[in-house]
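final.txt follows (compact mmCIF, C-alpha atoms and all ligand atoms):
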```txt
# COMPACT_ATOMS: atom_id res chain seq x y z
CA MET F 1 -49.63 4.61 19.97
CA LYS F 2 -48.57 1.77 17.69
CA ALA F 3 -45.55 2.48 15.54
CA GLU F 4 -47.45 1.99 12.25
CA LYS F 5 -49.92 4.73 13.18
CA GLN F 6 -47.29 7.31 13.95
CA ASN F 7 -47.17 10.11 11.45
CA TYR F 8 -43.55 10.96 10.90
CA ASN F 9 -40.65 10.48 8.52
CA LEU F 10 -37.26 9.58 9.88
CA HIS F 11 -34.13 10.81 8.12
CA ILE F 12 -30.86 9.12 8.96
CA ARG F 13 -27.72 10.91 7.90
CA VAL F 14 -24.66 8.74 7.31
CA ASN F 15 -21.45 10.76 7.40
CA ILE F 16 -19.34 9.91 4.37
CA ASP F 17 -15.69 10.30 3.50
CA GLU F 18 -13.25 8.27 1.41
CA SER F 19 -12.72 5.78 4.21
CA ASN F 20 -16.34 4.63 4.47
CA LYS F 21 -18.17 5.69 1.30
CA ASN F 22 -18.27 2.12 0.01
CA GLU F 23 -20.16 1.05 3.12
CA PHE F 24 -23.00 3.50 2.52
CA ILE F 25 -25.10 1.16 0.40
CA SER F 26 -25.02 -1.71 2.89
CA THR F 27 -25.82 0.72 5.72
CA ALA F 28 -28.77 2.20 3.83
CA ARG F 29 -30.09 -1.27 2.95
CA PHE F 30 -29.78 -2.40 6.55
CA PHE F 31 -32.09 0.36 7.78
CA LYS F 32 -34.50 0.01 4.86
CA GLU F 33 -34.89 -3.74 5.29
CA ARG F 34 -35.13 -3.60 9.04
CA TYR F 35 -37.66 -0.75 9.30
CA LYS F 36 -39.28 -0.97 5.84
CA LYS F 37 -41.07 2.37 5.56
CA LYS F 38 -40.73 6.03 6.43
CA ILE F 39 -36.97 5.92 6.65
CA ILE F 40 -34.77 8.02 4.40
CA VAL F 41 -31.08 7.22 4.66
CA TYR F 42 -28.85 9.77 3.00
CA PRO F 43 -25.13 10.51 2.80
CA GLY F 44 -23.79 13.60 4.55
CA PHE F 45 -20.36 14.53 3.27
CA VAL F 46 -17.75 15.31 5.88
CA ASP F 47 -16.11 18.65 5.10
CA GLY F 48 -13.24 20.67 6.45
CA ILE F 49 -14.96 23.93 7.30
CA GLU F 50 -11.71 25.48 8.45
CA GLY F 51 -10.62 25.52 4.83
CA CYS F 52 -7.59 23.41 5.60
CA LYS F 53 -6.07 21.54 2.72
CA LEU F 54 -8.31 18.63 1.88
CA SER F 55 -6.98 15.56 3.55
CA ASP F 56 -6.90 12.31 1.66
CA CYS F 57 -10.10 11.15 3.26
CA LEU F 58 -12.34 14.12 2.32
CA LEU F 59 -14.21 14.10 -0.97
CA ASP F 60 -13.94 17.18 -3.14
CA ARG F 61 -16.91 18.56 -5.09
CA LYS F 62 -16.37 16.39 -8.17
CA LYS F 63 -16.07 13.21 -6.13
CA LYS F 64 -19.20 14.04 -4.14
CA SER F 65 -21.13 14.69 -7.31
CA GLN F 66 -19.95 11.46 -8.91
CA PHE F 67 -20.73 9.51 -5.75
CA LEU F 68 -24.38 10.65 -5.81
CA ILE F 69 -24.72 9.85 -9.51
CA GLU F 70 -23.31 6.34 -8.96
CA LEU F 71 -25.66 5.75 -6.04
CA TYR F 72 -28.58 6.51 -8.31
CA LYS F 73 -27.42 4.79 -11.49
CA GLU F 74 -25.75 1.70 -10.06
CA HIS F 75 -27.78 1.10 -6.92
CA GLY F 76 -31.08 2.84 -7.57
CA VAL F 77 -30.62 4.94 -4.45
CA ASP F 78 -32.46 8.21 -4.86
CA VAL F 79 -30.92 10.49 -2.27
CA LEU F 80 -32.01 13.99 -1.42
CA GLY F 81 -30.75 16.81 -3.50
CA PHE F 82 -30.43 16.11 -7.17
CA TYR F 83 -31.60 19.06 -9.22
CA PRO F 84 -33.42 21.35 -6.74
CA ASP F 85 -37.15 21.78 -7.33
CA ASP F 86 -37.22 25.26 -5.95
CA TYR F 87 -34.92 27.70 -4.23
CA ARG F 88 -36.77 30.12 -2.00
CA TYR F 89 -35.03 30.02 1.32
CA GLU F 90 -32.14 31.71 2.96
CA CYS F 91 -29.61 30.16 5.28
CA PRO F 92 -30.22 30.78 9.00
CA VAL F 93 -26.88 32.63 9.08
CA ARG F 94 -28.58 35.49 7.26
CA SER F 95 -31.96 35.26 8.91
CA PRO F 96 -32.77 37.44 11.93
CA TYR F 97 -35.12 34.72 13.19
CA HIS F 98 -32.67 31.83 13.47
CA HIS F 99 -30.04 31.28 16.12
CA VAL F 100 -28.13 28.39 17.58
CA ILE F 101 -28.14 28.44 21.38
CA GLY F 102 -25.11 26.97 23.16
CA PRO F 103 -25.15 25.13 26.50
CA ASN F 104 -24.49 28.31 28.51
CA GLY F 105 -27.21 30.36 26.84
CA GLU F 106 -24.84 31.93 24.33
CA PHE F 107 -26.11 32.64 20.82
CA TYR F 108 -24.42 31.82 17.52
CA LYS F 109 -25.51 32.29 13.93
CA CYS F 110 -24.25 28.91 12.72
CA TRP F 111 -23.75 25.55 14.37
CA ASN F 112 -20.22 25.55 12.93
CA ASP F 113 -19.38 28.24 15.48
CA VAL F 114 -20.64 26.49 18.60
CA GLY F 115 -17.94 26.43 21.27
CA ASN F 116 -15.89 29.22 19.68
CA GLN F 117 -16.07 32.16 22.08
CA GLU F 118 -15.00 34.60 19.38
CA LYS F 119 -18.12 33.71 17.39
CA VAL F 120 -20.67 34.29 20.16
CA ILE F 121 -22.95 37.04 18.89
CA ALA F 122 -25.21 37.45 21.93
CA THR F 123 -25.87 36.16 25.42
CA LEU F 124 -29.07 35.89 27.40
CA ASP F 125 -28.02 38.43 30.02
CA LYS F 126 -26.15 40.99 27.84
CA GLY F 127 -27.96 40.83 24.51
CA VAL F 128 -25.85 41.39 21.36
CA ILE F 129 -22.16 41.44 22.26
CA ASN F 130 -20.60 41.14 18.80
CA PRO F 131 -22.51 43.43 16.41
CA ILE F 132 -19.68 43.44 13.86
CA LEU F 133 -19.83 39.68 13.42
CA LEU F 134 -23.62 39.69 13.47
CA ASN F 135 -23.81 42.28 10.70
CA ARG F 136 -21.16 40.43 8.75
CA TYR F 137 -23.29 37.30 8.80
CA TYR F 138 -26.31 39.27 7.62
CA VAL F 139 -24.77 41.04 4.65
CA ALA F 140 -21.27 39.79 3.73
CA GLY F 141 -20.34 37.09 1.24
CA ASP F 142 -23.17 38.12 -1.04
CA PRO F 143 -23.01 36.16 -4.32
CA PHE F 144 -24.40 39.21 -6.14
CA ASP F 145 -21.15 41.00 -5.25
CA ASP F 146 -19.15 38.14 -6.79
CA LYS F 147 -18.55 38.36 -10.54
CA LYS F 148 -17.92 34.61 -10.72
CA CYS F 149 -21.43 33.96 -9.39
CA ILE F 150 -23.15 36.73 -11.34
CA ASP F 151 -21.79 35.19 -14.55
CA CYS F 152 -22.68 31.64 -13.51
CA ILE F 153 -25.76 29.91 -14.94
CA HIS F 154 -26.28 28.07 -11.64
CA ILE F 155 -26.83 31.10 -9.45
CA GLN F 156 -30.61 30.71 -9.28
CA THR F 157 -30.40 27.21 -7.88
CA CYS F 158 -27.06 27.45 -6.10
CA GLY F 159 -27.47 30.88 -4.55
CA GLY F 160 -23.70 31.16 -4.24
CA GLY F 161 -23.40 28.22 -1.88
CA CYS F 162 -23.02 28.27 1.88
CA PRO F 163 -22.87 31.90 3.10
CA TYR F 164 -20.93 30.86 6.18
CA LEU F 165 -18.14 29.49 3.98
CA ARG F 166 -18.28 32.51 1.65
CA ILE F 167 -17.79 34.77 4.66
CA GLN F 168 -14.85 32.64 5.82
CA ASN F 169 -13.30 33.07 2.38
CA GLU F 170 -13.85 36.82 2.44
CA PHE F 171 -12.79 37.62 6.01
CA GLU F 172 -10.60 34.74 7.14
CA ASN F 173 -8.45 34.34 4.08
CA LYS F 174 -9.76 30.90 3.22
CA ASN F 175 -10.29 29.35 -0.16
CA ILE F 176 -13.20 27.00 0.39
CA ASP F 177 -15.11 25.68 -2.61
CA THR F 178 -18.76 26.77 -2.28
CA CYS F 179 -19.94 25.74 -5.74
CA ASP F 180 -22.91 23.50 -6.29
CA LEU F 181 -22.40 19.78 -6.85
CA ILE F 182 -24.43 20.14 -10.03
CA LYS F 183 -21.87 22.39 -11.62
CA ASP F 184 -19.62 19.74 -13.15
CA ASN F 185 -22.33 17.24 -14.04
CA LEU F 186 -25.25 19.36 -15.17
CA GLU F 187 -26.26 17.06 -18.01
CA GLU F 188 -26.40 13.94 -15.84
CA TYR F 189 -28.20 15.75 -13.04
CA LEU F 190 -30.83 17.02 -15.45
CA GLU F 191 -31.36 13.52 -16.87
CA ILE F 192 -31.77 12.10 -13.36
CA HIS F 193 -34.08 14.96 -12.43
CA TYR F 194 -36.22 14.17 -15.47
CA GLU F 195 -36.36 10.47 -14.60
CA ARG F 196 -37.36 11.23 -11.01
CA ILE F 197 -40.22 13.46 -12.12
CA ILE F 198 -41.48 10.82 -14.54
CA LYS F 199 -41.37 8.19 -11.78
CA ARG F 200 -43.04 10.52 -9.28
CA ASN F 201 -45.94 11.10 -11.68
CA GLU F 202 -46.45 7.46 -12.69
S1 LIG K 301 -21.92 27.29 -8.73
FE1 LIG K 301 -20.18 28.45 -7.87
S2 LIG K 301 -19.91 30.21 -9.25
FE2 LIG K 301 -21.95 29.32 -9.63
S3 LIG K 301 -23.37 30.53 -8.36
FE3 LIG K 301 -22.76 28.69 -7.19
S4 LIG K 301 -20.97 29.37 -5.96
FE4 LIG K 301 -21.28 30.90 -7.59
```
Could you show the structure in this file as structure tokens?
Amino acid sequence: MKAEKQNYNLHIRVNIDESNKNEFISTARFFKERYKKKIIVYPGFVDGIEGCKLSDCLLDRKKKSQFLIELYKEHGVDVLGFYPDDYRYECPVRSPYHHVIGPNGEFYKCWNDVGNQEKVIATLDKGVINPILLNRYYVAGDPFDDKKCIDCIHIQTCGGGCPYLRIQNEFENKNIDTCDLIKDNLEEYLEIHYERIIKRNE
């Protein structure tokens, strides 16, 4: 089958931190110019999921948010994930139908756990071996148990952020920021959202 008849979209994630964020634009342009269509190049922010103190090279929430706004306003790059159109999904961590399978047939609830034997929830031969952790992933870290989230105007679009990180905060004594990037720049995000809808409907 010739390439132009193939029916697919290709998404290329470029991992971003302070050390390479200024190279994102040239990287995105390289792919766009070389392959023309059906390629979406987007930044994926590198995070410290262990909740360790942010090193100098990781971007915090405000810097991530500002980076996306600058991409749009200064370079016309419309990346995924400005104001969400809809929010009707749940993270695989909470879903009974999603698992990550490791190389030895072991099951995890999140890819962040792969390789950590303490986070294996089931194996092919034994079935569920860690029901406490499994149940924790299903029900803990609920934003509706968190006054900060209940009082927050973003809860319908944010959903409390990553449940995996919320559970780390609750059970592993971490203090990881789970808030939405929109939170500090709501006005600008709404303006961009409006512009995108207008352009989409032109
Ligand atoms: S933005 Fe922060 S406080 Fe608001 S719902 Fe999301 S996680 Fe909770």
In terms of the shortest atom-to-atom distance over only C-alpha atoms and all ligand atoms, which of F:Gly44, F:Pro92, F:Gly161, F:Gly141 is closest to ligand LIG 301 (chain K)?
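The shortest atom-to-atom distance to ligand LIG 301 (chain K) comes from F:Gly161.
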Enter the distance from atom CA of F:Arg61 to atom CA of F:Leu181, in Å, rounded to one decimal.
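Interatomic distance, atom CA of F:Arg61 to atom CA of F:Leu181: 5.9 Å.
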Which residues of chain F come within 12 Å of ligand LIG 301 (chain K), and for each one, what is the closest pair of atoms and their distance in Å to one decimal, counting all atoms listed in the file, sorted by chain and residue number, as a Markdown table?
```
| residue | atom | partner | partner_atom | distance |
| --- | --- | --- | --- | --- |
| F:Arg61 | CA | K:LIG301 | S1 | 10.7 |
| F:Gly141 | CA | K:LIG301 | S4 | 10.6 |
| F:Asp142 | CA | K:LIG301 | FE4 | 9.9 |
| F:Pro143 | CA | K:LIG301 | FE4 | 6.4 |
| F:Phe144 | CA | K:LIG301 | FE4 | 9.0 |
| F:Asp145 | CA | K:LIG301 | FE4 | 10.4 |
| F:Asp146 | CA | K:LIG301 | FE4 | 7.6 |
| F:Lys147 | CA | K:LIG301 | S2 | 8.4 |
| F:Lys148 | CA | K:LIG301 | S2 | 5.0 |
| F:Cys149 | CA | K:LIG301 | FE4 | 3.6 |
| F:Ile150 | CA | K:LIG301 | S3 | 6.9 |
| F:Asp151 | CA | K:LIG301 | S2 | 7.5 |
| F:Cys152 | CA | K:LIG301 | FE2 | 4.6 |
| F:Ile153 | CA | K:LIG301 | FE2 | 6.6 |
| F:His154 | CA | K:LIG301 | FE2 | 4.9 |
| F:Ile155 | CA | K:LIG301 | S3 | 3.7 |
| F:Gln156 | CA | K:LIG301 | S3 | 7.3 |
| F:Thr157 | CA | K:LIG301 | S3 | 7.8 |
| F:Cys158 | CA | K:LIG301 | FE3 | 4.6 |
| F:Gly159 | CA | K:LIG301 | S3 | 5.6 |
| F:Gly160 | CA | K:LIG301 | S4 | 3.7 |
| F:Gly161 | CA | K:LIG301 | S4 | 4.9 |
| F:Cys162 | CA | K:LIG301 | S4 | 8.2 |
| F:Pro163 | CA | K:LIG301 | S4 | 9.6 |
| F:Leu165 | CA | K:LIG301 | S4 | 10.3 |
| F:Arg166 | CA | K:LIG301 | S4 | 8.7 |
| F:Asn169 | CA | K:LIG301 | S4 | 11.9 |
| F:Ile176 | CA | K:LIG301 | S4 | 10.3 |
| F:Asp177 | CA | K:LIG301 | S4 | 7.7 |
| F:Thr178 | CA | K:LIG301 | S4 | 5.0 |
| F:Cys179 | CA | K:LIG301 | FE1 | 3.5 |
| F:Asp180 | CA | K:LIG301 | S1 | 4.6 |
| F:Leu181 | CA | K:LIG301 | S1 | 7.8 |
| F:Ile182 | CA | K:LIG301 | S1 | 7.7 |
| F:Lys183 | CA | K:LIG301 | S1 | 5.7 |
| F:Asp184 | CA | K:LIG301 | S1 | 9.0 |
| F:Asn185 | CA | K:LIG301 | S1 | 11.4 |
| F:Leu186 | CA | K:LIG301 | S1 | 10.7 |
```
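The neighbours of F:Gly115 here are the residues that come within 12 Å of it, using only C-alpha atoms and leaving out any residue fewer than 5 positions away in the same chain; they are Val100, Ile101, Gly102, Pro103, Asn104, Gly105, Glu106, Phe107, Tyr108, Cys110, Val120 and Ile121 of chain F.
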Nearby residues (all atoms listed in the file) at most 8 Å from stretch 21-25 of chain F, same-chain spacing under 4 positions excluded, as a PyMOL selection string:
chain F and resi 14+16-17+29+43+71+75
Using atom CA of F:Leu134 and atom CA of F:Glu90 as the two end points, give the distance in Å to one decimal.
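Here the two named atoms are 15.7 Å from each other.
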So how far away is atom CA of F:Arg13 from atom CA of F:Tyr194, in Å?
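Between these atoms lies a distance of 25.1 Å.
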Return the single residue from F:Glu191, F:Glu170, F:Glu18, F:Tyr72 that is closest to F:Val46, with distances computed using only C-alpha atoms.
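The shortest atom-to-atom distance to F:Val46 comes from F:Glu18.
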Here is a test: counting all atoms listed in the file, which residue of F:Ile12, F:Ile192, F:Leu133, F:Leu124 is nearest to F:Phe31?
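Answer, going by the shortest atom-to-atom distance: F:Ile12.
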From the list F:Ile167, F:Val114, F:Leu10, F:Ala122, which residue is nearest F:Val41 when using only C-alpha atoms?
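Comparing F:Ile167, F:Val114, F:Leu10, F:Ala122 against F:Val41, the winner is F:Leu10.
Among the candidates F:Pro96, F:Gly76, F:Gly48, F:Pro131, the residue lying nearest to F:Glu195 is F:Gly76 (atoms considered: only C-alpha atoms).
Considering all atoms listed in the file, the residue among F:His11, F:Lys174, F:Lys109, F:Lys126 positioned nearest to F:Tyr42 is F:His11.
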